[in-house]
>>> print(open('start-v1.pdb').read())   # PDB, C-alpha atoms, pLDDT in the B column
MODEL        1
ATOM      1  CA  LEU A   1     -92.055 -58.309  24.631  1.00 52.00           C
ATOM      2  CA  LYS A   2     -93.503 -60.352  27.483  1.00 54.00           C
ATOM      3  CA  VAL A   3     -91.092 -61.624  30.073  1.00 53.00           C
ATOM      4  CA  GLN A   4     -92.046 -64.997  31.425  1.00 58.00           C
ATOM      5  CA  SER A   5     -91.101 -66.214  34.843  1.00 57.00           C
ATOM      6  CA  LEU A   6     -88.225 -68.647  34.686  1.00 56.00           C
ATOM      7  CA  PRO A   7     -88.033 -71.851  36.682  1.00 58.00           C
ATOM      8  CA  ARG A   8     -85.508 -71.837  39.465  1.00 60.00           C
ATOM      9  CA  PRO A   9     -83.954 -74.862  41.112  1.00 54.00           C
ATOM     10  CA  ARG A  10     -85.676 -75.624  44.384  1.00 58.00           C
ATOM     11  CA  ARG A  11     -84.339 -77.267  47.449  1.00 56.00           C
ATOM     12  CA  ARG A  12     -86.203 -80.310  48.650  1.00 55.00           C
ATOM     13  CA  ALA A  13     -88.268 -79.884  51.757  1.00 52.00           C
ATOM     14  CA  ARG A  14     -86.697 -81.321  54.867  1.00 53.00           C
ATOM     15  CA  PRO A  15     -88.546 -82.883  57.788  1.00 53.00           C
ATOM     16  CA  LEU A  16     -89.439 -80.525  60.596  1.00 55.00           C
ATOM     17  CA  GLY A  17     -86.526 -80.343  62.978  1.00 54.00           C
ATOM     18  CA  GLY A  18     -84.310 -82.408  60.695  1.00 54.00           C
ATOM     19  CA  PRO A  19     -80.948 -81.342  59.306  1.00 55.00           C
ATOM     20  CA  ALA A  20     -80.840 -79.354  56.065  1.00 55.00           C
ATOM     21  CA  ARG A  21     -79.787 -81.365  53.017  1.00 59.00           C
ATOM     22  CA  ALA A  22     -77.091 -79.846  50.839  1.00 61.00           C
ATOM     23  CA  VAL A  23     -77.872 -79.484  47.140  1.00 61.00           C
ATOM     24  CA  SER A  24     -75.569 -81.638  45.067  1.00 70.00           C
ATOM     25  CA  ALA A  25     -73.504 -80.344  42.162  1.00 68.00           C
ATOM     26  CA  ASP A  26     -75.545 -82.448  39.702  1.00 70.00           C
ATOM     27  CA  GLU A  27     -78.794 -80.862  40.890  1.00 71.00           C
ATOM     28  CA  MET A  28     -77.322 -77.394  40.557  1.00 72.00           C
ATOM     29  CA  GLN A  29     -76.128 -78.179  37.035  1.00 70.00           C
ATOM     30  CA  LEU A  30     -79.589 -79.487  36.049  1.00 73.00           C
ATOM     31  CA  GLY A  31     -81.152 -76.294  37.400  1.00 70.00           C
ATOM     32  CA  ALA A  32     -78.760 -74.135  35.391  1.00 74.00           C
ATOM     33  CA  VAL A  33     -79.548 -76.121  32.229  1.00 70.00           C
ATOM     34  CA  ALA A  34     -83.298 -75.633  32.804  1.00 75.00           C
ATOM     35  CA  TRP A  35     -82.769 -71.903  33.298  1.00 69.00           C
ATOM     36  CA  ALA A  36     -80.771 -71.604  30.067  1.00 71.00           C
ATOM     37  CA  ALA A  37     -83.415 -73.580  28.164  1.00 71.00           C
ATOM     38  CA  ALA A  38     -86.167 -71.266  29.414  1.00 70.00           C
ATOM     39  CA  VAL A  39     -84.195 -68.160  28.351  1.00 63.00           C
ATOM     40  CA  THR A  40     -83.641 -69.682  24.917  1.00 68.00           C
ATOM     41  CA  ALA A  41     -87.370 -70.363  24.581  1.00 68.00           C
ATOM     42  CA  ILE A  42     -88.245 -66.751  25.437  1.00 67.00           C
ATOM     43  CA  VAL A  43     -85.721 -65.412  22.911  1.00 58.00           C
ATOM     44  CA  ALA A  44     -87.085 -67.714  20.222  1.00 65.00           C
ATOM     45  CA  ALA A  45     -90.674 -66.659  20.936  1.00 66.00           C
ATOM     46  CA  ALA A  46     -89.878 -62.937  20.909  1.00 62.00           C
ATOM     47  CA  GLY A  47     -87.822 -63.020  17.749  1.00 62.00           C
ATOM     48  CA  CYS A  48     -84.996 -60.706  16.791  1.00 58.00           C
ATOM     49  CA  GLU A  49     -87.335 -57.797  16.047  1.00 59.00           C
ATOM     50  CA  GLY A  50     -88.944 -57.903  19.493  1.00 59.00           C
ATOM     51  CA  ILE A  51     -85.587 -58.113  21.234  1.00 55.00           C
ATOM     52  CA  ALA A  52     -84.199 -55.242  19.153  1.00 56.00           C
ATOM     53  CA  ALA A  53     -87.246 -53.084  19.985  1.00 59.00           C
ATOM     54  CA  ALA A  54     -86.898 -53.807  23.698  1.00 54.00           C
ATOM     55  CA  ALA A  55     -83.182 -52.973  23.594  1.00 52.00           C
ATOM     56  CA  SER A  56     -83.926 -49.727  21.749  1.00 56.00           C
ATOM     57  CA  GLN A  57     -86.485 -48.724  24.384  1.00 58.00           C
ATOM     58  CA  LEU A  58     -84.027 -49.512  27.146  1.00 50.00           C
ATOM     59  CA  ARG A  59     -81.348 -47.356  25.519  1.00 53.00           C
ATOM     60  CA  GLY A  60     -83.871 -44.535  25.103  1.00 52.00           C
ATOM     61  CA  LEU A  61     -84.859 -44.691  28.758  1.00 48.00           C
ATOM     62  CA  ARG A  62     -81.227 -44.622  29.827  1.00 49.00           C
ATOM     63  CA  SER A  63     -80.527 -41.598  27.603  1.00 48.00           C
ATOM     64  CA  ALA A  64     -83.577 -39.772  28.943  1.00 48.00           C
ATOM     65  CA  ALA A  65     -82.598 -40.547  32.539  1.00 44.00           C
ATOM     66  CA  ALA A  66     -79.091 -39.254  31.922  1.00 45.00           C
ATOM     67  CA  GLY A  67     -80.489 -36.060  30.383  1.00 47.00           C
ATOM     68  CA  CYS A  68     -82.840 -35.486  33.310  1.00 45.00           C
ATOM     69  CA  ALA A  69     -80.035 -36.143  35.783  1.00 41.00           C
ATOM     70  CA  GLU A  70     -77.807 -33.657  34.010  1.00 42.00           C
ATOM     71  CA  ALA A  71     -80.503 -30.971  33.972  1.00 42.00           C
ATOM     72  CA  ALA A  72     -81.642 -31.512  37.573  1.00 42.00           C
ATOM     73  CA  GLY A  73     -78.134 -31.953  38.931  1.00 42.00           C
ATOM     74  CA  SER A  74     -76.841 -28.667  37.540  1.00 50.00           C
ATOM     75  CA  ASP A  75     -78.695 -26.587  40.156  1.00 75.00           C
ATOM     76  CA  CYS A  76     -77.049 -26.007  43.534  1.00 91.00           C
ATOM     77  CA  GLY A  77     -79.103 -22.961  44.412  1.00 92.00           C
ATOM     78  CA  ILE A  78     -80.120 -21.963  47.926  1.00 94.00           C
ATOM     79  CA  THR A  79     -83.440 -23.505  48.902  1.00 92.00           C
ATOM     80  CA  ARG A  80     -83.548 -22.407  52.552  1.00 90.00           C
ATOM     81  CA  LEU A  81     -81.779 -19.720  54.595  1.00 93.00           C
ATOM     82  CA  VAL A  82     -82.309 -19.667  58.359  1.00 92.00           C
ATOM     83  CA  LEU A  83     -80.920 -17.314  61.000  1.00 94.00           C
ATOM     84  CA  ARG A  84     -80.930 -18.028  64.739  1.00 92.00           C
ATOM     85  CA  SER A  85     -79.799 -16.133  67.793  1.00 92.00           C
ATOM     86  CA  LYS A  86     -77.012 -17.315  70.094  1.00 89.00           C
ATOM     87  CA  LEU A  87     -79.621 -19.097  72.234  1.00 86.00           C
ATOM     88  CA  GLY A  88     -81.126 -20.822  69.215  1.00 86.00           C
ATOM     89  CA  PHE A  89     -84.252 -18.718  68.778  1.00 89.00           C
ATOM     90  CA  PRO A  90     -85.372 -18.096  65.193  1.00 91.00           C
ATOM     91  CA  ILE A  91     -84.867 -14.708  63.537  1.00 94.00           C
ATOM     92  CA  GLN A  92     -87.260 -13.165  61.046  1.00 95.00           C
ATOM     93  CA  VAL A  93     -86.036 -13.736  57.472  1.00 95.00           C
ATOM     94  CA  THR A  94     -87.817 -12.565  54.335  1.00 94.00           C
ATOM     95  CA  LYS A  95     -87.005 -13.518  50.759  1.00 93.00           C
ATOM     96  CA  THR A  96     -87.224 -10.175  48.981  1.00 93.00           C
ATOM     97  CA  HIS A  97     -86.151 -11.462  45.548  1.00 92.00           C
ATOM     98  CA  ASP A  98     -85.120 -14.700  43.869  1.00 91.00           C
ATOM     99  CA  HIS A  99     -81.544 -14.177  45.059  1.00 95.00           C
ATOM    100  CA  SER A 100     -82.031 -11.728  47.948  1.00 95.00           C
ATOM    101  CA  PHE A 101     -82.844 -12.200  51.645  1.00 96.00           C
ATOM    102  CA  GLU A 102     -83.431  -9.743  54.497  1.00 96.00           C
ATOM    103  CA  ALA A 103     -83.200 -10.530  58.208  1.00 96.00           C
ATOM    104  CA  VAL A 104     -84.279  -8.321  61.114  1.00 97.00           C
ATOM    105  CA  LEU A 105     -82.882  -8.784  64.641  1.00 96.00           C
ATOM    106  CA  CYS A 106     -84.637  -7.473  67.732  1.00 95.00           C
ATOM    107  CA  GLU A 107     -82.860  -4.996  69.985  1.00 94.00           C
ATOM    108  CA  ASP A 108     -81.864  -7.717  72.481  1.00 93.00           C
ATOM    109  CA  VAL A 109     -80.314 -10.038  69.867  1.00 94.00           C
ATOM    110  CA  PRO A 110     -76.656  -9.008  69.419  1.00 94.00           C
ATOM    111  CA  SER A 111     -75.533 -11.929  67.245  1.00 94.00           C
ATOM    112  CA  PHE A 112     -76.772 -14.633  64.888  1.00 95.00           C
ATOM    113  CA  ARG A 113     -75.863 -17.886  63.168  1.00 93.00           C
ATOM    114  CA  THR A 114     -76.694 -18.710  59.567  1.00 93.00           C
ATOM    115  CA  THR A 115     -77.790 -22.081  58.221  1.00 91.00           C
ATOM    116  CA  ILE A 116     -78.142 -22.551  54.475  1.00 92.00           C
ATOM    117  CA  THR A 117     -79.575 -25.501  52.552  1.00 91.00           C
ATOM    118  CA  GLN A 118     -78.743 -26.021  48.882  1.00 92.00           C
ATOM    119  CA  ALA A 119     -80.573 -28.011  46.252  1.00 90.00           C
ATOM    120  CA  THR A 120     -79.233 -31.572  46.160  1.00 86.00           C
ATOM    121  CA  PRO A 121     -77.934 -32.577  42.720  1.00 83.00           C
ATOM    122  CA  VAL A 122     -78.826 -35.951  41.244  1.00 77.00           C
ATOM    123  CA  PHE A 123     -76.155 -38.517  42.071  1.00 72.00           C
ATOM    124  CA  MET A 124     -75.743 -39.593  38.433  1.00 70.00           C
ATOM    125  CA  SER A 125     -74.913 -36.031  37.354  1.00 79.00           C
ATOM    126  CA  GLY A 126     -71.654 -35.931  39.318  1.00 85.00           C
ATOM    127  CA  VAL A 127     -72.226 -32.250  40.167  1.00 90.00           C
ATOM    128  CA  LYS A 128     -70.500 -30.948  43.307  1.00 91.00           C
ATOM    129  CA  CYS A 129     -72.044 -28.034  45.193  1.00 93.00           C
ATOM    130  CA  GLY A 130     -70.091 -25.326  46.984  1.00 93.00           C
ATOM    131  CA  LEU A 131     -70.847 -22.282  49.110  1.00 93.00           C
ATOM    132  CA  SER A 132     -68.750 -19.230  50.000  1.00 93.00           C
ATOM    133  CA  GLY A 133     -69.212 -15.821  51.604  1.00 93.00           C
ATOM    134  CA  LEU A 134     -71.161 -17.057  54.631  1.00 89.00           C
ATOM    135  CA  PRO A 135     -71.179 -14.880  57.766  1.00 88.00           C
ATOM    136  CA  ALA A 136     -68.990 -15.957  60.670  1.00 80.00           C
ATOM    137  CA  ASP A 137     -70.131 -18.829  62.880  1.00 84.00           C
ATOM    138  CA  LEU A 138     -71.539 -16.292  65.345  1.00 90.00           C
ATOM    139  CA  ALA A 139     -71.735 -12.922  63.606  1.00 93.00           C
ATOM    140  CA  GLU A 140     -72.234  -9.885  65.835  1.00 94.00           C
ATOM    141  CA  ILE A 141     -74.095  -6.719  64.915  1.00 94.00           C
ATOM    142  CA  GLY A 142     -74.480  -3.484  66.903  1.00 94.00           C
ATOM    143  CA  GLU A 143     -77.700  -1.795  67.984  1.00 93.00           C
ATOM    144  CA  GLY A 144     -79.307   0.018  65.080  1.00 94.00           C
ATOM    145  CA  ALA A 145     -76.606  -1.236  62.707  1.00 96.00           C
ATOM    146  CA  SER A 146     -76.901  -3.231  59.499  1.00 95.00           C
ATOM    147  CA  GLU A 147     -74.638  -5.551  57.536  1.00 95.00           C
ATOM    148  CA  SER A 148     -74.696  -6.935  53.989  1.00 95.00           C
ATOM    149  CA  TYR A 149     -73.270 -10.268  52.894  1.00 96.00           C
ATOM    150  CA  SER A 150     -72.629 -11.636  49.413  1.00 96.00           C
ATOM    151  CA  ILE A 151     -73.034 -15.415  49.249  1.00 96.00           C
ATOM    152  CA  THR A 152     -71.951 -17.455  46.229  1.00 95.00           C
ATOM    153  CA  ALA A 153     -73.406 -20.889  45.434  1.00 95.00           C
ATOM    154  CA  THR A 154     -71.357 -22.909  42.955  1.00 94.00           C
ATOM    155  CA  ALA A 155     -72.030 -26.072  40.941  1.00 93.00           C
ATOM    156  CA  GLU A 156     -69.032 -27.933  39.516  1.00 93.00           C
ATOM    157  CA  ALA A 157     -69.795 -30.391  36.702  1.00 91.00           C
ATOM    158  CA  LYS A 158     -67.853 -33.557  35.872  1.00 88.00           C
ATOM    159  CA  ASP A 159     -65.853 -31.777  33.174  1.00 89.00           C
ATOM    160  CA  GLY A 160     -64.693 -29.112  35.631  1.00 90.00           C
ATOM    161  CA  THR A 161     -67.094 -26.413  34.446  1.00 92.00           C
ATOM    162  CA  VAL A 162     -68.181 -24.229  37.375  1.00 93.00           C
ATOM    163  CA  THR A 163     -71.469 -22.344  37.415  1.00 92.00           C
ATOM    164  CA  SER A 164     -71.994 -19.759  40.150  1.00 93.00           C
ATOM    165  CA  THR A 165     -75.039 -17.905  41.458  1.00 94.00           C
ATOM    166  CA  GLU A 166     -74.780 -14.794  43.613  1.00 96.00           C
ATOM    167  CA  TYR A 167     -77.089 -14.208  46.592  1.00 97.00           C
ATOM    168  CA  SER A 168     -77.327 -11.226  48.918  1.00 96.00           C
ATOM    169  CA  LEU A 169     -78.208 -11.226  52.623  1.00 96.00           C
ATOM    170  CA  ALA A 170     -79.054  -7.940  54.374  1.00 96.00           C
ATOM    171  CA  VAL A 171     -79.136  -8.091  58.187  1.00 97.00           C
ATOM    172  CA  ARG A 172     -80.196  -5.231  60.463  1.00 96.00           C
ATOM    173  CA  ARG A 173     -80.673  -4.951  64.208  1.00 97.00           C
ATOM    174  CA  LEU A 174     -83.337  -2.713  65.658  1.00 96.00           C
ATOM    175  CA  SER A 175     -82.292   0.013  68.077  1.00 94.00           C
ATOM    176  CA  VAL A 176     -83.411   0.295  71.708  1.00 92.00           C
ATOM    177  CA  GLY A 177     -86.803   1.935  72.086  1.00 89.00           C
ATOM    178  CA  SER A 178     -87.795   1.521  68.442  1.00 91.00           C
ATOM    179  CA  ASP A 179     -90.832  -0.375  67.181  1.00 93.00           C
ATOM    180  CA  GLN A 180     -89.953  -4.070  67.473  1.00 93.00           C
ATOM    181  CA  SER A 181     -92.765  -5.405  65.304  1.00 93.00           C
ATOM    182  CA  ALA A 182     -90.406  -5.786  62.333  1.00 93.00           C
ATOM    183  CA  CYS A 183     -88.419  -8.505  64.133  1.00 94.00           C
ATOM    184  CA  LEU A 184     -91.381 -10.684  65.052  1.00 93.00           C
ATOM    185  CA  VAL A 185     -91.061 -14.101  63.399  1.00 92.00           C
ATOM    186  CA  THR A 186     -93.947 -14.430  60.974  1.00 90.00           C
ATOM    187  CA  TYR A 187     -92.708 -17.013  58.484  1.00 82.00           C
ATOM    188  CA  THR A 188     -93.880 -20.619  58.813  1.00 75.00           C
ATOM    189  CA  ARG A 189     -91.300 -22.864  60.449  1.00 69.00           C
ATOM    190  CA  SER A 190     -91.001 -26.613  59.983  1.00 67.00           C
ATOM    191  CA  ALA A 191     -90.183 -29.364  62.460  1.00 63.00           C
ATOM    192  CA  ILE A 192     -86.998 -30.104  60.494  1.00 61.00           C
ATOM    193  CA  GLU A 193     -85.864 -26.508  60.912  1.00 61.00           C
ATOM    194  CA  ASP A 194     -86.360 -26.619  64.705  1.00 59.00           C
ATOM    195  CA  CYS A 195     -84.731 -30.054  65.041  1.00 60.00           C
ATOM    196  CA  GLY A 196     -81.843 -29.887  67.513  1.00 54.00           C
ATOM    197  CA  TYR A 197     -82.951 -26.566  69.014  1.00 55.00           C
ATOM    198  CA  ALA A 198     -86.050 -27.747  70.866  1.00 54.00           C
ATOM    199  CA  PRO A 199     -84.295 -28.703  74.177  1.00 56.00           C
ATOM    200  CA  ALA A 200     -82.479 -25.349  74.414  1.00 56.00           C
ATOM    201  CA  LEU A 201     -85.612 -23.389  73.571  1.00 58.00           C
ATOM    202  CA  GLU A 202     -87.690 -25.274  76.131  1.00 61.00           C
ATOM    203  CA  GLU A 203     -85.079 -24.685  78.848  1.00 63.00           C
ATOM    204  CA  GLN A 204     -85.157 -20.949  78.160  1.00 60.00           C
ATOM    205  CA  ARG A 205     -88.965 -20.882  78.226  1.00 61.00           C
ATOM    206  CA  GLN A 206     -89.089 -22.698  81.576  1.00 66.00           C
ATOM    207  CA  ALA A 207     -86.509 -20.352  83.082  1.00 67.00           C
ATOM    208  CA  ALA A 208     -88.523 -17.347  81.932  1.00 62.00           C
ATOM    209  CA  ALA A 209     -91.731 -18.817  83.375  1.00 66.00           C
ATOM    210  CA  ILE A 210     -90.268 -19.730  86.801  1.00 69.00           C
ATOM    211  CA  VAL A 211     -88.196 -16.626  87.535  1.00 61.00           C
ATOM    212  CA  PRO A 212     -89.416 -13.330  86.053  1.00 58.00           C
ATOM    213  CA  GLY A 213     -86.696 -11.543  84.109  1.00 54.00           C
ATOM    214  CA  VAL A 214     -84.537 -14.656  83.716  1.00 49.00           C
ATOM    215  CA  GLY A 215     -84.134 -16.492  80.445  1.00 49.00           C
ATOM    216  CA  ALA A 216     -85.771 -15.662  77.165  1.00 52.00           C
ATOM    217  CA  ALA A 217     -89.292 -14.349  77.010  1.00 51.00           C
ATOM    218  CA  PRO A 218     -91.886 -16.625  75.448  1.00 52.00           C
ATOM    219  CA  GLU A 219     -92.662 -16.077  71.797  1.00 55.00           C
ATOM    220  CA  PRO A 220     -95.724 -13.883  71.112  1.00 57.00           C
ATOM    221  CA  GLU A 221     -98.924 -15.593  70.108  1.00 59.00           C
ATOM    222  CA  PRO A 222     -99.724 -15.302  66.388  1.00 58.00           C
ATOM    223  CA  ALA A 223    -102.374 -12.792  65.422  1.00 61.00           C
ATOM    224  CA  PRO A 224    -105.835 -14.323  64.858  1.00 61.00           C
TER     225      PRO A 224
ENDMDL
END
>>> encode(input="start-v1.pdb", output="structure tokens")
Amino acid sequence: LKVQSLPRPRRRARPLGGPARAVSADEMQLGAVAWAAAVTAIVAAAGCEGIAAAASQLRGLRSAAAGCAEAAGSDCGITRLVLRSKLGFPIQVTKTHDHSFEAVLCEDVPSFRTTITQATPVFMSGVKCGLSGLPADLAEIGEGASESYSITATAEAKDGTVTSTEYSLAVRRLSVGSDQSACLVTYTRSAIEDCGYAPALEEQRQAAAIVPGVGAAPEPEPAP
């Protein structure tokens, strides 16, 4: 089925700098009649079989799109989990399993904040995502101590059916005098992840560079 371009009523050109001329009701009616005649000609050329085939394809595409939306929109799983110190510095996080994460804090990091990103469901699916079990806004942890958190990601469908996925987060803080290599940040960070923290981080770096012992120490250079 080939769709032809249909003629549209055009406004007459006006002299440069002259006032615009309003289109009369008769001209608008003639344009509408021409449009209807063109549509009738296309329908007659395509025939009932061509139109029925096109309509069938359109219905098939809509059904497939709805199926894809339902499948893609049913997942509200965790796609990113980020921990930061009180000053905004990143904390080493490792994904140990599909639903398990481990974070290691250095000896001088007494607390952390957690930021979690979930998969975004397709709008057509109507799925609503939820999250529970997150650590406190600023969770504290003692030297040499460890904490475990159970986080639940939920996906609620249009019919009220709720699907949940359990995740675990293990957080430990290294003790004073112990090997601190485990808390070095080795995962690759993105600009989106650091967005909003850059000014605070830069202020701490400048303070550490100007006055020794003040502010946060600069991050170690990555190994070659």
>>> resolve_selection(input="start-v1.pdb", expression="the PyMOL selection byres ((chain A and resi 168) around 8)", output="ChimeraX atom specification")
/A:99-101,148-151,166-167,169-170
>>> closest_residue(input="start-v1.pdb", among="A:Gln92, A:Ser24, A:Thr115, A:Ser181", to="A:Ala136", atoms="all atoms listed in the file")
A:Thr115
>>> atom_distance(input="start-v1.pdb", atom1="atom CA of A:Thr152", atom2="atom CA of A:Thr165")
5.7 Å
>>> residues_around(input="start-v1.pdb", residues="A:Tyr187", least_positions_apart="4", cutoff="12 Å", atoms="all atoms listed in the file", output="NGL selection string")
:A and (81-82 or 90-95 or 103 or 183 or 193 or 222)
>>> resolve_selection(input="start-v1.pdb", expression="the PyMOL selection byres ((chain A and resi 119-121) around 6)", output="list in words")
Gly73, Cys76, Gly77, Thr79, Gln118 and Val122 of chain A
>>> atom_distance(input="start-v1.pdb", atom1="atom CA of A:Ala182", atom2="atom CA of A:Thr96")
14.4 Å
>>> resolve_selection(input="start-v1.pdb", expression="the PyMOL selection byres ((chain A and resi 146) around 8)", output="count of residues only")
10
>>> closest_residue(input="start-v1.pdb", among="A:Leu83, A:Val33, A:Val109, A:Ala155", to="A:Ser132", atoms="all atoms listed in the file")
A:Ala155
>>> residues_around(input="start-v1.pdb", residues="A:Glu107", least_positions_apart="5", cutoff="9 Å", atoms="all atoms listed in the file", output="PyMOL selection string")
chain A and resi 143-144+173-178+180+183
>>> write_last_selection(input="start-v1.pdb", atoms="C-alpha atoms", output="PDB file, keeping the file's coordinate frame")
ATOM      1  CA  GLU A 143     -77.700  -1.795  67.984  1.00 93.00           C
ATOM      2  CA  GLY A 144     -79.307   0.018  65.080  1.00 94.00           C
ATOM      3  CA  ARG A 173     -80.673  -4.951  64.208  1.00 97.00           C
ATOM      4  CA  LEU A 174     -83.337  -2.713  65.658  1.00 96.00           C
ATOM      5  CA  SER A 175     -82.292   0.013  68.077  1.00 94.00           C
ATOM      6  CA  VAL A 176     -83.411   0.295  71.708  1.00 92.00           C
ATOM      7  CA  GLY A 177     -86.803   1.935  72.086  1.00 89.00           C
ATOM      8  CA  SER A 178     -87.795   1.521  68.442  1.00 91.00           C
ATOM      9  CA  GLN A 180     -89.953  -4.070  67.473  1.00 93.00           C
ATOM     10  CA  CYS A 183     -88.419  -8.505  64.133  1.00 94.00           C
TER      11      CYS A 183
END
>>> atom_distance(input="start-v1.pdb", atom1="atom CA of A:Val127", atom2="atom CA of A:His97")
25.6 Å
>>> residues_around(input="start-v1.pdb", residues="A:Ala153", least_positions_apart="6", cutoff="6 Å", atoms="all atoms listed in the file", output="list in words")
Gly130, Leu131, Ser164 and Thr165 of chain A
>>> decode(input="start-v1.pdb", residues="stretch 102-160 of chain A", atoms="C-alpha atoms", output="PDB file, in the first residue's frame")
ATOM      1  CA  GLU A 102      30.111  -5.714  48.843  1.00  0.00           C
ATOM      2  CA  ALA A 103      31.491  -2.338  49.914  1.00  0.00           C
ATOM      3  CA  VAL A 104      34.741  -1.651  51.774  1.00  0.00           C
ATOM      4  CA  LEU A 105      35.306   1.574  53.746  1.00  0.00           C
ATOM      5  CA  CYS A 106      38.757   2.847  54.651  1.00  0.00           C
ATOM      6  CA  GLU A 107      39.676   3.336  58.297  1.00  0.00           C
ATOM      7  CA  ASP A 108      39.025   7.100  58.135  1.00  0.00           C
ATOM      8  CA  VAL A 109      35.527   6.785  56.622  1.00  0.00           C
ATOM      9  CA  PRO A 110      33.041   6.404  59.506  1.00  0.00           C
ATOM     10  CA  SER A 111      29.822   6.727  57.493  1.00  0.00           C
ATOM     11  CA  PHE A 112      28.352   6.388  54.010  1.00  0.00           C
ATOM     12  CA  ARG A 113      25.378   7.230  51.817  1.00  0.00           C
ATOM     13  CA  THR A 114      23.794   4.838  49.346  1.00  0.00           C
ATOM     14  CA  THR A 115      22.443   5.712  45.912  1.00  0.00           C
ATOM     15  CA  ILE A 116      20.585   3.067  43.928  1.00  0.00           C
ATOM     16  CA  THR A 117      19.373   3.181  40.327  1.00  0.00           C
ATOM     17  CA  GLN A 118      16.655   0.822  39.112  1.00  0.00           C
ATOM     18  CA  ALA A 119      15.796  -0.267  35.605  1.00  0.00           C
ATOM     19  CA  THR A 120      13.200   2.088  34.120  1.00  0.00           C
ATOM     20  CA  PRO A 121      10.042   0.281  32.982  1.00  0.00           C
ATOM     21  CA  VAL A 122       8.472   1.090  29.629  1.00  0.00           C
ATOM     22  CA  PHE A 123       5.796   3.752  30.016  1.00  0.00           C
ATOM     23  CA  MET A 124       3.162   1.692  28.178  1.00  0.00           C
ATOM     24  CA  SER A 125       3.554  -1.205  30.626  1.00  0.00           C
ATOM     25  CA  GLY A 126       2.189   0.776  33.575  1.00  0.00           C
ATOM     26  CA  VAL A 127       4.656  -0.944  35.932  1.00  0.00           C
ATOM     27  CA  LYS A 128       5.551   0.944  39.120  1.00  0.00           C
ATOM     28  CA  CYS A 129       8.932   0.335  40.742  1.00  0.00           C
ATOM     29  CA  GLY A 130       9.586   0.355  44.474  1.00  0.00           C
ATOM     30  CA  LEU A 131      12.562  -0.020  46.788  1.00  0.00           C
ATOM     31  CA  SER A 132      12.800  -0.882  50.491  1.00  0.00           C
ATOM     32  CA  GLY A 133      15.451  -1.837  53.033  1.00  0.00           C
ATOM     33  CA  LEU A 134      17.901   0.933  52.125  1.00  0.00           C
ATOM     34  CA  PRO A 135      20.467   1.990  54.745  1.00  0.00           C
ATOM     35  CA  ALA A 136      19.859   5.247  56.591  1.00  0.00           C
ATOM     36  CA  ASP A 137      20.577   8.534  54.828  1.00  0.00           C
ATOM     37  CA  LEU A 138      23.988   8.625  56.517  1.00  0.00           C
ATOM     38  CA  ALA A 139      24.718   5.171  57.915  1.00  0.00           C
ATOM     39  CA  GLU A 140      27.554   4.921  60.433  1.00  0.00           C
ATOM     40  CA  ILE A 141      29.845   1.949  60.929  1.00  0.00           C
ATOM     41  CA  GLY A 142      32.561   1.410  63.557  1.00  0.00           C
ATOM     42  CA  GLU A 143      36.235   0.665  62.976  1.00  0.00           C
ATOM     43  CA  GLY A 144      36.734  -2.951  61.989  1.00  0.00           C
ATOM     44  CA  ALA A 145      32.974  -3.553  62.015  1.00  0.00           C
ATOM     45  CA  SER A 146      30.681  -4.831  59.282  1.00  0.00           C
ATOM     46  CA  GLU A 147      26.989  -4.530  58.486  1.00  0.00           C
ATOM     47  CA  SER A 148      24.614  -6.407  56.175  1.00  0.00           C
ATOM     48  CA  TYR A 149      21.542  -4.951  54.508  1.00  0.00           C
ATOM     49  CA  SER A 150      18.691  -6.672  52.688  1.00  0.00           C
ATOM     50  CA  ILE A 151      17.255  -4.524  49.895  1.00  0.00           C
ATOM     51  CA  THR A 152      14.019  -5.403  48.104  1.00  0.00           C
ATOM     52  CA  ALA A 153      13.188  -4.126  44.607  1.00  0.00           C
ATOM     53  CA  THR A 154       9.521  -4.443  43.668  1.00  0.00           C
ATOM     54  CA  ALA A 155       7.608  -4.142  40.388  1.00  0.00           C
ATOM     55  CA  GLU A 156       3.847  -3.592  40.579  1.00  0.00           C
ATOM     56  CA  ALA A 157       1.899  -4.357  37.391  1.00  0.00           C
ATOM     57  CA  LYS A 158      -1.347  -2.715  36.271  1.00  0.00           C
ATOM     58  CA  ASP A 159      -3.427  -5.560  37.693  1.00  0.00           C
ATOM     59  CA  GLY A 160      -1.864  -5.133  41.138  1.00  0.00           C
TER      60      GLY A 160
END
